[in-house]
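**Student:** So that you have it, the file is model_13.pdb, and it contains PDB, C-alpha atoms:
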```pdb
ATOM      1  CA  MET Z   1      55.467 -66.386  41.807
ATOM      2  CA  SER Z   2      55.063 -67.208  38.109
ATOM      3  CA  LYS Z   3      54.851 -70.924  39.045
ATOM      4  CA  ILE Z   4      51.759 -70.135  41.126
ATOM      5  CA  LEU Z   5      50.212 -67.953  38.416
ATOM      6  CA  GLU Z   6      50.745 -70.588  35.708
ATOM      7  CA  SER Z   7      48.453 -72.916  37.656
ATOM      8  CA  LEU Z   8      44.807 -71.871  37.903
ATOM      9  CA  PRO Z   9      44.080 -73.887  41.099
ATOM     10  CA  LEU Z  10      47.170 -72.406  42.817
ATOM     11  CA  THR Z  11      46.096 -68.924  41.696
ATOM     12  CA  VAL Z  12      42.715 -69.441  43.381
ATOM     13  CA  VAL Z  13      44.385 -70.785  46.556
ATOM     14  CA  ALA Z  14      46.723 -67.753  46.582
ATOM     15  CA  GLY Z  15      43.674 -65.495  46.253
ATOM     16  CA  ILE Z  16      42.020 -67.181  49.246
ATOM     17  CA  VAL Z  17      45.228 -66.852  51.304
ATOM     18  CA  LEU Z  18      45.410 -63.143  50.394
ATOM     19  CA  THR Z  19      41.775 -62.771  51.466
ATOM     20  CA  VAL Z  20      42.505 -64.271  54.900
ATOM     21  CA  ILE Z  21      45.533 -61.957  55.310
ATOM     22  CA  MET Z  22      43.406 -58.972  54.272
ATOM     23  CA  VAL Z  23      40.670 -59.862  56.795
ATOM     24  CA  PHE Z  24      43.219 -59.992  59.642
ATOM     25  CA  ALA Z  25      44.853 -56.748  58.484
ATOM     26  CA  THR Z  26      41.434 -55.068  58.230
ATOM     27  CA  ASN Z  27      40.507 -56.104  61.781
ATOM     28  CA  GLN Z  28      43.855 -54.882  63.107
ATOM     29  CA  LEU Z  29      43.618 -51.525  61.313
ATOM     30  CA  GLU Z  30      40.014 -51.019  62.421
ATOM     31  CA  SER Z  31      41.017 -51.665  66.045
ATOM     32  CA  MET Z  32      43.906 -49.196  65.760
ATOM     33  CA  ASN Z  33      41.711 -46.539  64.115
ATOM     34  CA  GLN Z  34      38.921 -46.717  66.728
ATOM     35  CA  SER Z  35      38.864 -44.275  69.630
ATOM     36  CA  GLY Z  36      38.358 -45.581  73.220
ATOM     37  CA  PRO Z  37      34.525 -45.348  73.349
ATOM     38  CA  GLU Z  38      34.158 -46.645  69.757
ATOM     39  CA  LYS Z  39      36.321 -49.671  70.602
ATOM     40  CA  ALA Z  40      34.301 -50.405  73.745
ATOM     41  CA  ILE Z  41      31.035 -50.330  71.730
ATOM     42  CA  SER Z  42      32.560 -52.468  68.964
ATOM     43  CA  ASP Z  43      33.813 -55.045  71.491
ATOM     44  CA  LEU Z  44      30.372 -55.137  73.137
ATOM     45  CA  GLN Z  45      28.682 -55.650  69.736
ATOM     46  CA  LYS Z  46      31.051 -58.514  68.952
ATOM     47  CA  LYS Z  47      30.238 -60.158  72.305
ATOM     48  CA  MET Z  48      26.498 -59.790  71.654
ATOM     49  CA  ASN Z  49      26.914 -61.459  68.244
TER      50      ASN Z  49
ATOM     51  CA  MET U   1      16.739 -37.577  44.968
ATOM     52  CA  GLU U   2      20.382 -37.659  46.074
ATOM     53  CA  GLU U   3      19.757 -41.071  47.658
ATOM     54  CA  PHE U   4      18.493 -42.374  44.312
ATOM     55  CA  ILE U   5      21.543 -40.964  42.472
ATOM     56  CA  VAL U   6      23.872 -42.731  44.951
ATOM     57  CA  PHE U   7      21.888 -45.947  44.421
ATOM     58  CA  PHE U   8      22.018 -45.557  40.627
ATOM     59  CA  VAL U   9      25.780 -44.909  40.589
ATOM     60  CA  ARG U  10      26.263 -48.027  42.752
ATOM     61  CA  TYR U  11      24.043 -49.967  40.316
ATOM     62  CA  LEU U  12      26.217 -48.843  37.356
ATOM     63  CA  HIS U  13      29.369 -49.660  39.372
ATOM     64  CA  VAL U  14      28.107 -53.225  39.957
ATOM     65  CA  ILE U  15      27.003 -53.702  36.318
ATOM     66  CA  CYS U  16      30.425 -52.597  35.033
ATOM     67  CA  GLY U  17      32.131 -54.753  37.690
ATOM     68  CA  ILE U  18      30.226 -57.862  36.588
ATOM     69  CA  MET U  19      31.164 -57.133  32.966
ATOM     70  CA  TRP U  20      34.845 -56.756  33.933
ATOM     71  CA  ILE U  21      35.305 -59.623  36.385
ATOM     72  CA  GLY U  22      32.969 -61.891  34.405
ATOM     73  CA  ILE U  23      35.177 -61.570  31.308
ATOM     74  CA  LEU U  24      38.364 -61.821  33.428
ATOM     75  CA  TRP U  25      37.120 -65.132  34.814
ATOM     76  CA  TYR U  26      35.984 -66.244  31.317
ATOM     77  CA  PHE U  27      39.559 -65.698  30.085
ATOM     78  CA  ASN U  28      41.143 -67.538  33.020
ATOM     79  CA  PHE U  29      38.625 -70.310  33.738
ATOM     80  CA  VAL U  30      37.470 -71.031  30.157
ATOM     81  CA  GLN U  31      39.467 -69.563  27.274
ATOM     82  CA  ILE U  32      43.097 -69.992  28.377
ATOM     83  CA  PRO U  33      42.677 -73.626  29.590
ATOM     84  CA  SER U  34      40.690 -74.493  26.411
ATOM     85  CA  MET U  35      43.149 -73.093  23.838
ATOM     86  CA  PRO U  36      45.446 -76.172  23.768
ATOM     87  CA  LYS U  37      42.397 -78.386  23.059
ATOM     88  CA  ILE U  38      41.303 -76.353  19.998
ATOM     89  CA  PRO U  39      42.607 -77.519  16.572
ATOM     90  CA  ASP U  40      45.085 -75.063  15.023
ATOM     91  CA  GLU U  41      42.838 -74.264  12.047
ATOM     92  CA  GLN U  42      40.033 -73.190  14.433
ATOM     93  CA  LYS U  43      42.193 -71.031  16.721
ATOM     94  CA  PRO U  44      41.776 -67.842  14.633
ATOM     95  CA  ALA U  45      38.078 -67.859  15.638
ATOM     96  CA  ILE U  46      39.260 -67.164  19.176
ATOM     97  CA  SER U  47      42.291 -64.983  18.508
ATOM     98  CA  LYS U  48      40.817 -62.904  15.653
ATOM     99  CA  VAL U  49      37.135 -62.668  16.606
ATOM    100  CA  ILE U  50      36.195 -63.610  20.178
ATOM    101  CA  ALA U  51      39.275 -62.404  22.105
ATOM    102  CA  PRO U  52      39.388 -58.857  20.575
ATOM    103  CA  GLU U  53      35.644 -58.416  21.223
ATOM    104  CA  ALA U  54      35.964 -59.751  24.792
ATOM    105  CA  LEU U  55      38.978 -57.481  25.405
ATOM    106  CA  PHE U  56      36.944 -54.438  24.321
ATOM    107  CA  TRP U  57      34.217 -55.071  26.939
ATOM    108  CA  PHE U  58      36.856 -56.230  29.465
ATOM    109  CA  ARG U  59      38.880 -53.010  29.447
ATOM    110  CA  TRP U  60      35.884 -50.659  29.248
ATOM    111  CA  GLY U  61      34.172 -52.652  31.998
ATOM    112  CA  ALA U  62      37.284 -52.036  34.125
ATOM    113  CA  ALA U  63      37.241 -48.307  33.295
ATOM    114  CA  GLY U  64      33.520 -48.021  34.093
ATOM    115  CA  THR U  65      33.905 -49.891  37.379
ATOM    116  CA  VAL U  66      36.668 -47.549  38.557
ATOM    117  CA  PHE U  67      34.883 -44.443  37.250
ATOM    118  CA  PHE U  68      31.566 -45.151  38.986
ATOM    119  CA  GLY U  69      33.332 -46.558  42.077
ATOM    120  CA  LEU U  70      35.286 -43.345  42.592
ATOM    121  CA  ILE U  71      32.141 -41.229  42.076
ATOM    122  CA  LEU U  72      30.355 -43.432  44.631
ATOM    123  CA  ALA U  73      33.169 -43.040  47.169
ATOM    124  CA  ALA U  74      33.182 -39.261  46.662
ATOM    125  CA  MET U  75      29.377 -38.984  46.963
ATOM    126  CA  ASN U  76      29.393 -41.083  50.144
ATOM    127  CA  GLY U  77      32.270 -38.995  51.559
ATOM    128  CA  TYR U  78      34.673 -41.839  52.353
ATOM    129  CA  MET U  79      37.165 -41.416  49.508
ATOM    130  CA  HIS U  80      40.011 -40.041  51.649
ATOM    131  CA  GLU U  81      39.386 -42.394  54.590
ATOM    132  CA  ALA U  82      39.299 -45.409  52.263
ATOM    133  CA  MET U  83      42.391 -44.513  50.248
ATOM    134  CA  THR U  84      44.414 -43.843  53.412
ATOM    135  CA  LEU U  85      43.073 -47.106  54.954
ATOM    136  CA  GLN U  86      41.376 -45.301  57.823
ATOM    137  CA  GLN U  87      38.412 -47.328  56.560
ATOM    138  CA  PRO U  88      40.325 -50.484  55.597
ATOM    139  CA  GLY U  89      37.207 -52.578  54.920
ATOM    140  CA  ILE U  90      36.485 -50.710  51.682
ATOM    141  CA  GLY U  91      40.001 -49.252  51.320
ATOM    142  CA  PHE U  92      41.711 -52.569  50.566
ATOM    143  CA  GLY U  93      39.065 -53.345  47.944
ATOM    144  CA  MET U  94      39.484 -49.957  46.306
ATOM    145  CA  TRP U  95      43.268 -50.283  46.156
ATOM    146  CA  LEU U  96      43.057 -53.822  44.750
ATOM    147  CA  GLY U  97      40.534 -52.643  42.144
ATOM    148  CA  LEU U  98      42.769 -49.741  41.116
ATOM    149  CA  ILE U  99      45.819 -52.024  40.802
ATOM    150  CA  MET U 100      43.775 -54.464  38.706
ATOM    151  CA  ALA U 101      42.445 -51.699  36.429
ATOM    152  CA  PHE U 102      46.016 -50.407  35.982
ATOM    153  CA  ASN U 103      47.086 -53.926  34.972
ATOM    154  CA  VAL U 104      44.234 -54.114  32.441
ATOM    155  CA  TRP U 105      44.923 -50.816  30.689
ATOM    156  CA  PHE U 106      48.712 -50.518  30.925
ATOM    157  CA  ILE U 107      49.984 -54.128  30.867
ATOM    158  CA  ILE U 108      47.381 -56.673  29.673
ATOM    159  CA  TRP U 109      45.822 -54.638  26.827
ATOM    160  CA  PRO U 110      49.156 -53.446  25.317
ATOM    161  CA  ALA U 111      50.530 -57.004  25.553
ATOM    162  CA  GLN U 112      47.360 -58.498  24.014
ATOM    163  CA  LYS U 113      47.545 -56.044  21.103
ATOM    164  CA  ILE U 114      50.977 -57.496  20.287
ATOM    165  CA  ALA U 115      50.018 -61.128  20.978
ATOM    166  CA  LEU U 116      46.839 -60.996  18.850
ATOM    167  CA  GLY U 117      48.508 -59.096  15.991
ATOM    168  CA  ILE U 118      46.357 -55.963  16.442
ATOM    169  CA  VAL U 119      49.574 -53.881  16.267
ATOM    170  CA  GLU U 120      52.681 -54.568  14.221
ATOM    171  CA  ALA U 121      55.426 -56.464  16.083
ATOM    172  CA  ASP U 122      58.114 -58.949  15.166
ATOM    173  CA  ALA U 123      57.284 -62.637  15.476
ATOM    174  CA  ALA U 124      59.587 -63.133  18.471
ATOM    175  CA  ALA U 125      57.732 -60.529  20.513
ATOM    176  CA  LYS U 126      54.342 -62.273  20.237
ATOM    177  CA  PRO U 127      54.921 -65.267  22.563
ATOM    178  CA  ALA U 128      56.568 -63.041  25.215
ATOM    179  CA  ALA U 129      53.659 -60.573  25.037
ATOM    180  CA  GLY U 130      51.133 -63.419  25.254
ATOM    181  CA  ARG U 131      52.855 -64.815  28.348
ATOM    182  CA  ARG U 132      53.009 -61.349  29.972
ATOM    183  CA  ALA U 133      49.285 -60.844  29.324
ATOM    184  CA  MET U 134      48.469 -64.281  30.737
ATOM    185  CA  LEU U 135      50.510 -63.799  33.924
ATOM    186  CA  PHE U 136      48.999 -60.385  34.664
ATOM    187  CA  SER U 137      45.525 -61.693  33.864
ATOM    188  CA  ARG U 138      46.167 -64.468  36.418
ATOM    189  CA  THR U 139      47.440 -61.845  38.875
ATOM    190  CA  ASN U 140      44.130 -60.016  38.477
ATOM    191  CA  THR U 141      42.208 -63.280  38.984
ATOM    192  CA  MET U 142      44.127 -63.808  42.239
ATOM    193  CA  LEU U 143      43.498 -60.214  43.389
ATOM    194  CA  SER U 144      39.815 -60.362  42.401
ATOM    195  CA  ILE U 145      39.127 -62.841  45.240
ATOM    196  CA  PRO U 146      40.097 -60.499  48.137
ATOM    197  CA  MET U 147      38.805 -57.475  46.176
ATOM    198  CA  LEU U 148      35.302 -58.989  45.913
ATOM    199  CA  TYR U 149      35.413 -60.073  49.573
ATOM    200  CA  SER U 150      36.220 -56.492  50.552
ATOM    201  CA  MET U 151      33.449 -54.997  48.379
ATOM    202  CA  ILE U 152      30.790 -57.421  49.638
ATOM    203  CA  SER U 153      31.778 -57.605  53.327
ATOM    204  CA  VAL U 154      31.534 -53.819  53.772
ATOM    205  CA  GLN U 155      27.792 -53.917  53.073
ATOM    206  CA  ASN U 156      27.161 -57.450  54.360
ATOM    207  CA  PRO U 157      29.318 -57.906  57.496
ATOM    208  CA  PRO U 158      30.478 -61.531  57.808
ATOM    209  CA  GLY U 159      29.791 -61.430  61.558
ATOM    210  CA  PHE U 160      33.173 -62.173  63.078
TER     211      PHE U 160
END
```
Would you mind writing the structure in this file as structure tokens?
**Tutor:**
Amino acid sequence: MSKILESLPLTVVAGIVLTVIMVFATNQLESMNQSGPEKAISDLQKKMN
Amino acid sequence: MEEFIVFFVRYLHVICGIMWIGILWYFNFVQIPSMPKIPDEQKPAISKVIAPEALFWFRWGAAGTVFFGLILAAMNGYMHEAMTLQQPGIGFGMWLGLIMAFNVWFIIWPAQKIALGIVEADAAAKPAAGRRAMLFSRTNTMLSIPMLYSMISVQNPPGF
């Protein structure tokens, strides 16, 4: 880990990787937290987009 | 009136956040990479004048960001949902911000006080403290990227 943090470009890449992981985790948690009707509306909104 | 207060607290939260992350990125993108290029006789200008001043605004910017952010979350009524990740969009950002602020006040600032000679310490402790401060400052730079994504995407959905 310290090898990554000693390099500024690798630190930025690690930050971008963490962002991608966070986006996937956020989508998963939001799906799990939605009730049936909420999920149906959310899915419909995504299709319309 | 309450709407304006919520807006104003958010405004203060953003101002403090720019102060904090702006100086964090100044340290990591400008000052740390430039130090080896500065002649030894000129280095005290950084270590004795600029760095202590920047660290003052850096740590109080962090405190202000957390302070106004928590007030904002409480006023908007999503504090509990965010902290328990029932609202993960803002919750991840809040947790990352809190971890970063903890790093600033309880790891980076104490280590910088030793490294810059603000507190008394033996000569051997200074390089180790400087390295600890640098690594945790880099950790915060890494965490700032997803933290800012979280903060911005909640109000401006990326559309996927």
**Student:** Please report as a PyMOL selection string which residues of chain Z come no farther than 9 Å from chain U, using only C-alpha atoms.
**Tutor:** chain Z and resi 2+5-8+11-20+22-23+25-27+29-30+33+46+49
**Student:** Apply the PyMOL selection byres ((chain U and resi 10) around 10) to the displayed file and report the matching residues as a ChimeraX atom specification.
**Tutor:** /U:4-9,11-16,65,68-69,71-73
**Student:** Calculate how many Å separate CA of Pro44 (chain U) from CA of Leu10 (chain Z), rounding to one decimal.
**Tutor:**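 Straight-line distance from CA of Pro44 (chain U) to CA of Leu10 (chain Z) works out to 29.1 Å.
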**Student:** For the atom pair CA of Phe58 (chain U) and CA of Ile23 (chain U), what is the interatomic distance in Å to one decimal place?
**Tutor:**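 Interatomic distance, CA of Phe58 (chain U) to CA of Ile23 (chain U): 5.9 Å.
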**Student:** Specify as a VMD selection string each residue included when the PyMOL selection byres ((chain U and resi 113) around 12) is applied to this file.
**Tutor:** chain U and resid 47 to 48 51 to 52 55 to 56 104 to 112 114 to 121 125 to 127 129 to 130 132 to 133
**Student:** Could you please determine the separation between CA of Met151 (chain U) and CA of Met94 (chain U) in Å, to one decimal place?
**Tutor:**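 Computed distance, CA of Met151 (chain U) to CA of Met94 (chain U), equals 8.1 Å.
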